[in-house]
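Chemist: What follows is the file final-v1.csv, containing CSV, C-alpha atoms and all ligand atoms:
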```csv
chain,number,residue,atom,x,y,z
A,168,MET,CA,0.0,0.0,0.0
A,169,ILE,CA,1.2,3.5,-0.9
A,170,HIS,CA,1.4,5.9,2.0
A,171,ARG,CA,-0.9,8.8,1.5
A,172,SER,CA,1.9,11.4,1.7
A,173,ALA,CA,3.7,9.8,-1.3
A,174,MET,CA,0.8,10.8,-3.5
A,175,LEU,CA,0.6,14.5,-2.4
A,176,PRO,CA,1.5,17.2,-4.9
A,177,ARG,CA,5.0,18.7,-4.4
A,178,ARG,CA,3.9,21.7,-2.5
A,179,GLY,CA,1.9,19.6,-0.1
A,180,PHE,CA,4.7,17.1,0.3
A,181,LEU,CA,7.2,19.8,1.3
A,182,ALA,CA,4.8,21.3,3.7
A,183,GLY,CA,4.2,17.9,5.2
A,184,ALA,CA,7.9,17.2,5.5
A,185,ALA,CA,8.5,20.5,7.4
A,186,ALA,CA,5.6,19.8,9.7
A,187,GLY,CA,7.0,16.3,10.3
A,188,SER,CA,10.4,17.6,11.3
A,189,LEU,CA,8.9,20.0,13.8
A,190,ALA,CA,6.8,17.3,15.2
A,191,VAL,CA,9.8,15.2,16.1
A,192,GLY,CA,11.8,18.2,17.5
A,193,LEU,CA,14.5,18.5,14.8
A,194,PRO,CA,16.4,21.8,14.8
A,195,GLY,CA,15.0,24.6,12.6
A,196,PRO,CA,17.1,26.6,10.0
A,197,SER,CA,20.8,26.5,10.6
A,198,SER,CA,22.3,29.2,12.8
A,199,ALA,CA,25.9,28.5,11.9
A,200,LYS,CA,28.2,31.5,11.9
A,201,ALA,CA,30.7,30.3,9.3
A,202,PRO,CA,30.7,32.4,6.2
A,203,LEU,CA,29.4,30.8,3.0
A,204,ALA,CA,32.2,29.6,0.7
A,205,THR,CA,32.4,31.1,-2.8
A,206,SER,CA,34.5,28.4,-4.5
A,207,GLN,CA,35.7,24.9,-4.4
A,208,ALA,CA,39.3,23.9,-3.3
A,209,PRO,CA,41.5,22.9,-6.2
A,210,TYR,CA,40.3,19.4,-7.0
A,211,TYR,CA,42.0,16.2,-8.1
A,212,TYR,CA,41.1,12.5,-8.3
A,213,ARG,CA,43.3,9.5,-8.2
A,214,LEU,CA,42.7,6.3,-10.2
A,215,LYS,CA,44.5,3.0,-10.7
A,216,LEU,CA,45.3,1.7,-14.1
A,217,GLY,CA,47.1,-1.6,-14.1
A,218,ASP,CA,50.5,-0.9,-12.5
A,219,ALA,CA,50.2,2.8,-13.1
A,220,GLN,CA,48.5,5.5,-11.1
A,221,GLY,CA,46.6,8.4,-12.7
A,222,THR,CA,45.7,11.7,-11.1
A,223,ILE,CA,43.1,13.8,-12.7
A,224,VAL,CA,43.8,17.4,-11.9
A,225,SER,CA,41.4,20.2,-12.9
A,226,ASP,CA,42.3,23.4,-14.7
A,227,GLY,CA,38.9,24.7,-13.7
A,228,THR,CA,35.6,25.0,-15.6
A,229,LEU,CA,35.3,26.5,-19.0
A,230,PRO,CA,31.9,28.3,-19.5
A,231,LEU,CA,31.4,28.5,-23.3
A,232,GLY,CA,28.1,30.5,-23.1
A,233,ASP,CA,25.0,30.0,-25.3
A,234,PRO,CA,24.9,26.3,-26.5
A,235,LYS,CA,23.2,27.4,-29.7
A,236,THR,CA,26.2,29.4,-30.8
A,237,ASN,CA,28.7,26.7,-29.9
A,238,PHE,CA,26.9,23.6,-31.2
A,239,THR,CA,25.3,23.8,-34.6
A,240,GLY,CA,23.3,21.6,-36.9
A,241,LEU,CA,20.6,20.8,-34.3
A,242,ALA,CA,17.2,22.4,-34.6
A,243,PRO,CA,16.6,24.8,-31.6
A,244,ALA,CA,13.7,22.7,-30.3
A,245,GLU,CA,15.8,19.5,-30.5
A,246,MET,CA,18.7,21.1,-28.6
A,247,GLU,CA,16.3,22.4,-26.0
A,248,ARG,CA,14.8,18.9,-25.6
A,249,GLN,CA,18.2,17.2,-25.2
A,250,LEU,CA,19.3,19.8,-22.6
A,251,THR,CA,16.1,19.7,-20.7
A,252,ASP,CA,15.9,15.9,-20.7
A,253,ASN,CA,19.4,15.8,-19.2
A,254,PHE,CA,18.8,18.5,-16.6
A,255,LEU,CA,21.3,20.8,-18.3
A,256,PRO,CA,21.0,24.6,-18.5
A,257,LEU,CA,19.7,26.1,-21.7
A,258,ASP,CA,21.8,29.3,-21.5
A,259,ASN,CA,25.4,28.2,-20.8
A,260,ALA,CA,27.4,25.2,-21.9
A,261,VAL,CA,29.9,24.7,-19.1
A,262,LEU,CA,32.7,22.3,-19.9
A,263,GLU,CA,35.3,20.9,-17.5
A,264,GLN,CA,39.1,20.6,-18.1
A,265,ASN,CA,40.1,17.2,-16.8
A,266,ILE,CA,43.9,16.9,-17.1
A,267,LEU,CA,45.5,13.5,-16.6
A,268,ILE,CA,48.8,13.0,-14.9
A,269,LEU,CA,50.0,9.4,-15.3
A,270,THR,CA,52.7,8.0,-13.1
A,271,THR,CA,54.3,4.8,-14.2
A,272,GLY,CA,57.3,3.3,-12.4
A,273,ASP,CA,59.9,5.6,-14.0
A,274,ARG,CA,58.0,8.4,-15.7
A,275,THR,CA,55.3,11.0,-15.0
A,276,VAL,CA,53.3,12.1,-18.0
A,277,LEU,CA,51.0,15.1,-18.2
A,278,PHE,CA,48.2,15.1,-20.8
A,279,ASP,CA,47.3,18.6,-21.9
A,280,THR,CA,48.0,21.7,-19.9
A,281,GLY,CA,44.8,23.8,-19.6
A,282,MET,CA,44.4,27.6,-20.3
A,283,GLY,CA,47.4,29.0,-18.5
A,284,SER,CA,46.9,32.6,-17.6
A,285,LEU,CA,44.4,33.3,-20.4
A,286,LYS,CA,41.0,34.5,-19.3
A,287,THR,CA,39.2,34.1,-22.7
A,288,PHE,CA,36.4,32.2,-21.0
A,289,GLY,CA,36.4,34.1,-17.7
A,290,PRO,CA,38.2,33.7,-14.3
A,291,SER,CA,37.4,30.0,-13.6
A,292,THR,CA,40.3,28.5,-15.7
A,293,GLY,CA,44.1,28.4,-15.1
A,294,LYS,CA,44.0,26.2,-12.0
A,295,LEU,CA,46.4,23.5,-13.1
A,296,LEU,CA,49.4,24.4,-11.1
A,297,ALA,CA,47.4,25.1,-7.9
A,298,THR,CA,45.6,21.7,-8.4
A,299,MET,CA,48.9,19.9,-8.9
A,300,LYS,CA,50.2,21.5,-5.7
A,301,GLN,CA,47.2,20.4,-3.8
A,302,ALA,CA,47.7,16.9,-5.2
A,303,GLY,CA,51.4,16.9,-4.1
A,304,ILE,CA,52.8,16.7,-7.7
A,305,ASP,CA,55.8,18.9,-8.4
A,306,PRO,CA,55.8,20.4,-11.9
A,307,LYS,CA,59.6,19.6,-12.0
A,308,ASP,CA,58.7,15.9,-11.8
A,309,ILE,CA,56.8,16.0,-15.1
A,310,ASP,CA,58.9,14.1,-17.7
A,311,ALA,CA,56.5,14.3,-20.6
A,312,VAL,CA,53.8,16.8,-21.7
A,313,VAL,CA,51.6,15.0,-24.2
A,314,MET,CA,49.1,17.3,-26.1
A,315,SER,CA,46.0,16.1,-27.9
A,316,HIS,CA,46.1,19.3,-30.0
A,317,ALA,CA,47.3,22.9,-30.0
A,318,HIS,CA,44.1,24.7,-28.9
A,319,ILE,CA,44.3,27.3,-26.1
A,320,ASP,CA,42.8,25.1,-23.4
A,321,HIS,CA,45.2,22.3,-24.1
A,322,CYS,CA,48.6,23.9,-24.8
A,323,GLY,CA,48.0,27.2,-22.9
A,324,GLY,CA,49.7,26.1,-19.7
A,325,CYS,CA,53.1,25.1,-21.0
A,326,MET,CA,54.8,28.4,-20.5
A,327,ALA,CA,54.5,31.0,-17.7
A,328,ASP,CA,54.0,34.7,-18.6
A,329,ASP,CA,57.6,35.5,-17.7
A,330,GLY,CA,58.8,33.1,-20.4
A,331,SER,CA,59.9,30.3,-18.1
A,332,ARG,CA,58.7,26.8,-18.5
A,333,ASN,CA,56.0,25.5,-16.1
A,334,PHE,CA,57.4,22.0,-16.6
A,335,PRO,CA,61.1,22.6,-16.9
A,336,ASN,CA,62.2,19.0,-17.2
A,337,ALA,CA,59.7,17.8,-19.7
A,338,GLN,CA,59.8,16.6,-23.3
A,339,TYR,CA,56.8,17.7,-25.3
A,340,TYR,CA,54.7,15.5,-27.6
A,341,ILE,CA,52.2,16.7,-30.2
A,342,SER,CA,51.3,16.0,-33.8
A,343,GLN,CA,53.4,17.8,-36.3
A,344,ALA,CA,50.3,18.8,-38.3
A,345,ASP,CA,49.0,20.8,-35.3
A,346,PHE,CA,52.3,22.3,-34.4
A,347,ASP,CA,52.8,23.5,-38.0
A,348,TYR,CA,49.2,24.8,-38.4
A,349,TRP,CA,48.8,26.7,-35.1
A,350,THR,CA,52.3,28.3,-35.0
A,351,ASP,CA,51.9,29.8,-38.5
A,352,ASP,CA,49.5,32.7,-38.3
A,353,SER,CA,50.1,34.1,-41.8
A,354,LYS,CA,46.5,33.2,-42.8
A,355,ALA,CA,44.9,33.4,-39.4
A,356,PRO,CA,41.5,35.0,-39.2
A,357,ALA,CA,41.3,37.9,-36.7
A,358,ALA,CA,38.7,36.1,-34.6
A,359,MET,CA,41.2,33.2,-34.0
A,360,LYS,CA,44.2,35.4,-33.2
A,361,VAL,CA,44.3,34.3,-29.6
A,362,PHE,CA,44.6,30.7,-30.7
A,363,TYR,CA,47.6,31.3,-32.8
A,364,ASP,CA,49.2,33.6,-30.3
A,365,THR,CA,48.8,31.1,-27.6
A,366,ALA,CA,50.2,28.2,-29.6
A,367,LYS,CA,53.2,30.3,-30.6
A,368,LYS,CA,53.8,31.4,-27.0
A,369,ASN,CA,53.6,27.9,-25.6
A,370,LEU,CA,55.0,25.7,-28.4
A,371,LEU,CA,57.7,27.6,-30.2
A,372,PRO,CA,60.0,28.0,-27.2
A,373,ASN,CA,59.9,24.2,-26.8
A,374,ARG,CA,60.6,23.4,-30.4
A,375,ASP,CA,63.9,21.7,-29.6
A,376,ARG,CA,62.2,19.5,-27.0
A,377,MET,CA,59.3,18.6,-29.2
A,378,VAL,CA,58.6,15.0,-30.4
A,379,PHE,CA,56.1,14.5,-33.2
A,380,PHE,CA,54.1,11.3,-32.8
A,381,LYS,CA,52.6,9.4,-35.7
A,382,ASP,CA,49.2,7.8,-36.0
A,383,GLY,CA,49.3,4.4,-34.4
A,384,GLN,CA,52.7,4.9,-32.8
A,385,GLU,CA,53.4,3.8,-29.2
A,386,PHE,CA,55.5,6.9,-28.6
A,387,LEU,CA,55.9,6.3,-24.9
A,388,PRO,CA,55.7,2.9,-23.2
A,389,GLY,CA,52.0,2.0,-23.0
A,390,ILE,CA,50.8,5.2,-24.7
A,391,GLN,CA,49.6,5.0,-28.3
A,392,ALA,CA,48.6,7.9,-30.5
A,393,ILE,CA,45.4,7.5,-32.5
A,394,ALA,CA,44.7,10.2,-35.1
A,395,ALA,CA,41.2,11.8,-34.7
A,396,PRO,CA,41.4,14.7,-37.1
A,397,GLY,CA,38.7,17.3,-37.7
A,398,HIS,CA,38.5,19.2,-34.4
A,399,THR,CA,42.0,20.3,-35.5
A,400,VAL,CA,44.1,19.0,-38.4
A,401,GLY,CA,46.3,16.9,-36.1
A,402,HIS,CA,43.9,16.2,-33.2
A,403,THR,CA,44.9,12.9,-31.5
A,404,ILE,CA,43.5,10.7,-28.8
A,405,PHE,CA,45.6,8.3,-26.7
A,406,MET,CA,45.2,4.7,-25.8
A,407,ILE,CA,46.9,4.1,-22.4
A,408,THR,CA,47.6,0.6,-21.4
A,409,SER,CA,49.2,-0.8,-18.2
A,410,GLY,CA,49.1,-4.4,-17.2
A,411,LYS,CA,45.7,-5.7,-18.3
A,412,GLU,CA,43.9,-2.4,-18.2
A,413,SER,CA,43.3,0.3,-20.8
A,414,LEU,CA,42.0,3.8,-20.8
A,415,ALA,CA,41.3,6.0,-23.8
A,416,TYR,CA,42.2,9.7,-23.2
A,417,ILE,CA,39.8,11.1,-25.8
A,418,GLY,CA,40.8,14.8,-25.7
A,419,ASP,CA,38.3,16.8,-27.7
A,420,LEU,CA,36.8,13.9,-29.7
A,421,THR,CA,33.5,15.1,-28.1
A,422,HIS,CA,33.1,18.2,-26.0
A,423,HIS,CA,29.6,17.6,-24.6
A,424,PRO,CA,28.2,14.5,-23.0
A,425,VAL,CA,24.8,15.0,-24.7
A,426,LEU,CA,24.9,17.5,-27.6
A,427,LEU,CA,27.6,15.8,-29.6
A,428,MET,CA,26.5,12.3,-28.5
A,429,GLU,CA,22.8,11.8,-29.1
A,430,LYS,CA,23.2,13.1,-32.6
A,431,PRO,CA,26.9,12.8,-33.1
A,432,LEU,CA,27.0,14.6,-36.5
A,433,THR,CA,26.1,17.8,-34.6
A,434,GLU,CA,29.0,20.3,-35.2
A,435,PHE,CA,31.1,22.3,-32.8
A,436,ALA,CA,31.9,25.9,-33.5
A,437,TYR,CA,35.6,25.5,-32.8
A,438,ASP,CA,36.2,22.6,-35.1
A,439,THR,CA,38.7,23.3,-37.9
A,440,ASP,CA,36.8,20.8,-40.2
A,441,PRO,CA,33.5,20.0,-38.4
A,442,LYS,CA,32.4,17.4,-40.9
A,443,GLN,CA,35.7,15.5,-40.5
A,444,ALA,CA,35.5,15.9,-36.7
A,445,ALA,CA,32.0,14.3,-36.8
A,446,GLN,CA,33.3,11.4,-38.8
A,447,SER,CA,36.2,10.9,-36.4
A,448,ARG,CA,33.8,11.1,-33.5
A,449,VAL,CA,31.5,8.4,-34.8
A,450,ARG,CA,34.2,6.1,-35.9
A,451,LEU,CA,36.2,6.2,-32.7
A,452,LEU,CA,33.3,6.3,-30.3
A,453,THR,CA,31.9,3.2,-32.1
A,454,THR,CA,35.2,1.4,-31.5
A,455,LEU,CA,35.3,2.5,-27.8
A,456,ALA,CA,31.7,1.5,-27.3
A,457,THR,CA,32.1,-1.9,-29.0
A,458,ASN,CA,35.2,-2.8,-27.1
A,459,ARG,CA,33.8,-1.4,-23.8
A,460,ILE,CA,37.0,0.6,-23.2
A,461,PRO,CA,36.8,3.2,-20.4
A,462,ILE,CA,37.3,6.8,-21.4
A,463,LEU,CA,38.6,10.0,-19.8
A,464,ALA,CA,36.8,12.9,-21.5
A,465,TYR,CA,38.7,16.2,-21.1
A,466,HIS,CA,35.6,18.3,-21.2
A,467,PHE,CA,32.9,16.2,-19.5
A,468,ALA,CA,31.7,16.7,-16.0
A,469,TRP,CA,34.3,16.1,-13.3
A,470,PRO,CA,36.2,13.8,-13.2
A,471,GLY,CA,35.2,12.7,-16.8
A,472,ILE,CA,35.7,9.0,-16.4
A,473,GLY,CA,33.2,6.6,-17.8
A,474,HIS,CA,32.1,4.6,-20.8
A,475,VAL,CA,30.3,5.3,-24.0
A,476,ALA,CA,27.6,3.0,-25.3
A,477,ARG,CA,25.7,3.0,-28.6
A,478,GLN,CA,22.2,4.4,-28.2
A,479,GLY,CA,19.7,5.2,-30.9
A,480,GLU,CA,21.4,6.9,-33.7
A,481,GLY,CA,24.3,8.0,-31.5
A,482,PHE,CA,25.9,7.4,-28.2
A,483,ARG,CA,25.3,7.7,-24.5
A,484,TYR,CA,27.9,8.5,-21.9
A,485,HIS,CA,27.8,6.5,-18.7
A,486,PRO,CA,29.8,8.2,-16.0
A,487,GLN,CA,31.7,5.9,-13.6
A,488,ALA,CA,31.2,6.3,-9.9
A,489,MET,CA,34.2,7.8,-8.1
A,490,LYS,CA,36.2,5.1,-6.3
A,491,MET,CA,37.4,6.5,-3.0
A,492,GLU,CA,39.7,3.6,-2.2
A,493,LEU,CA,42.7,2.7,-4.4
B,501,ZN,ZN,39.3,21.6,-25.6
```
I'd like the structure from this file rewritten - as structure tokens, please.
Ligand SMILES: [Zn+2]

Modeler:
Amino acid sequence: MIHRSAMLPRRGFLAGAAAGSLAVGLPGPSSAKAPLATSQAPYYYRLKLGDAQGTIVSDGTLPLGDPKTNFTGLAPAEMERQLTDNFLPLDNAVLEQNILILTTGDRTVLFDTGMGSLKTFGPSTGKLLATMKQAGIDPKDIDAVVMSHAHIDHCGGCMADDGSRNFPNAQYYISQADFDYWTDDSKAPAAMKVFYDTAKKNLLPNRDRMVFFKDGQEFLPGIQAIAAPGHTVGHTIFMITSGKESLAYIGDLTHHPVLLMEKPLTEFAYDTDPKQAAQSRVRLLTTLATNRIPILAYHFAWPGIGHVARQGEGFRYHPQAMKMEL
């Protein structure tokens, strides 16, 4: 039998709950004197991958603004339905920046570097170094900086504003196509100037420490490059393997857990070639779904670990519960 209160409309239910708490003598509204916090502490999350340990460190959230100007090819009503069905705001697409630091026995590898000091998307970015400090990881201990592509939110944290290296002992890994494209601003449209300036600032000083990986190459032990072009000319995802476990670091293969997934041919405003990006997305997400390979999605909600599954004409992201014991 259903208790009568379970059938009450919402307003009546809340009123009933309040009356109930008074009836059993629970305290009323809080009278705590502590000031309300205005931000989270720098956040990180550890995970085990075979014999290696990963730490996901956040560079902070990346609020893109109106989803309709960022994601194109969906009818407005369809976009509104997808966002509403998934309890997401209609007026601001807020992405995360989930940066992976992988520690194997003899090497510490950083995957992408966040926005650095740029405030193109507001004050919430640029937290990588603070987060690393919180996690107890010294930037001097980073041996390799591996970049999925040369966009501002991935290469922006290589160099400090005073021209020094944030990771002074690292070798840098990126596709040559992206290095060449984003460090040559001779044909850059004015609207993209910050992208070229940022790539030049962060990549050119490290030219002599730069290693260009090739599609399919295991360029570091257990780390394989897989070309996923379209978002940028040389955009690359990484298959990371340790022991019997694998994790796909998917970079910007998909930026949004819903809008580029339910109908994955939807396009993203920052794609260099949005049609090619969509083809890469469908092809590689299909492989990851079929083989049930866990993913780390750079821009999905913190900490961005989960799986993709085929659903309808596209995909659905299934976040993995955080594991608090290693
Ligand atoms: Zn990105």

Chemist: Using only C-alpha atoms and all ligand atoms, what are the residues with an atom within 7 Å of ligand ZN 501 (chain B), set out as a list in words?

Modeler: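 For ligand ZN 501 (chain B), the residues inside 7 Å are His318, Asp320, His321, Gly418, Asp419 and His466 of chain A.
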
Chemist: Of the residues A:Leu262, A:Ile472, A:Leu241, A:Leu285, which is the one nearest to Asp328 in chain A, using all atoms listed in the file?

Modeler: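 Residue with the minimum atom-to-atom distance to Asp328 in chain A: A:Leu285.
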
Chemist: Which residue out of A:Tyr339, A:Tyr416, A:Phe362, A:Phe435 has the minimum interatomic distance to Val378 in chain A when all atoms listed in the file are used?

Modeler: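 With all atoms listed in the file as the atom set, the closest residue is A:Tyr339.
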
Chemist: Taking (16.0, 27.4, -25.4) as a centre in this file's frame and 9 Å as the limit, can you find every polymer residue with an atom that close, using only C-alpha atoms, and give them as an MDAnalysis selection string?

Modeler: chainID A and resid 235 243:244 246:248 250 256:258

Chemist: What gap, in Å, lies between CA of Ala358 in chain A and CA of Arg374 in chain A?

Modeler: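 Value for the CA of Ala358 in chain A-CA of Arg374 in chain A distance: 25.7 Å.
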
Chemist: In Å, with one decimal, what is the gap from CA of Thr454 in chain A to CA of Ala488 in chain A?

Modeler: 22.5 Å

Chemist: Nearest to Ala394 in chain A among A:Lys411, A:Lys430, A:His423, A:Arg450, with distances taken over all atoms listed in the file: which residue is it?

Modeler: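 Using all atoms listed in the file, Ala394 in chain A sits closest to A:Arg450.
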
Chemist: Could you check which of A:Val400, A:Ile462, A:Ile319, A:Ala395 is closest to Ser447 in chain A, using all atoms listed in the file?

Modeler: A:Ala395

Chemist: Have a look at A:Gln384, A:Gly473, A:Gln220, A:Gln249 and name the one nearest to Asp273 in chain A; count all atoms listed in the file.

Modeler: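 Among the listed residues, A:Gln220 lies closest to Asp273 in chain A.
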
Chemist: Between A:Pro461, A:Pro486, A:Gly324, A:Gly289, which has the minimum distance to Ser413 in chain A (counting all atoms listed in the file)?

Modeler: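 Of the candidates, the smallest distance to Ser413 in chain A is held by A:Pro461.
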
Chemist: Could you check how far CA of Ala444 in chain A sits from CA of Ser315 in chain A, in Å to one decimal?

Modeler: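 Spanning CA of Ala444 in chain A to CA of Ser315 in chain A is a straight-line distance of 13.7 Å.
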
Chemist: List the neighbours of Arg477 in chain A out to 12 Å using only C-alpha atoms; skip same-chain residues closer than 6 positions along the sequence, and give me the result as a list of chain:residue names.

Modeler: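 Residues near the query, excluding close chain neighbours: A:Met428, A:Glu429, A:Lys430, A:Pro431, A:Val449, A:Arg450, A:Leu451, A:Leu452, A:Thr453, A:Thr454, A:Leu455, A:Ala456, A:Thr457, A:Asn458, A:Arg459, A:Arg483, A:Tyr484, A:His485.
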
Chemist: Contacts of Arg332 in chain A at 12 Å or less, counting only C-alpha atoms, minus same-chain residues fewer than 3 places along, as a PyMOL selection string?

Modeler: chain A and resi 280+283+306-307+309+312+323-329+335-339+368-373+376

Chemist: Excluding Tyr437 in chain A and any residue of its chain fewer than 4 positions from it, enumerate the residues within 10 Å of it, using only C-alpha atoms, and give them as a VMD selection string.

Modeler: chain A and resid 237 to 238 318 359 398 to 399 441

Chemist: As a list in words, please: the residues near range 201-207 of chain A (cut-off 12 Å, only C-alpha atoms, same-chain neighbours under 5 positions excluded).

Modeler: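 Counting only C-alpha atoms, the residues come to Ser225, Gly227, Thr228, Pro290, Ser291, Lys294 and Thr298 of chain A.
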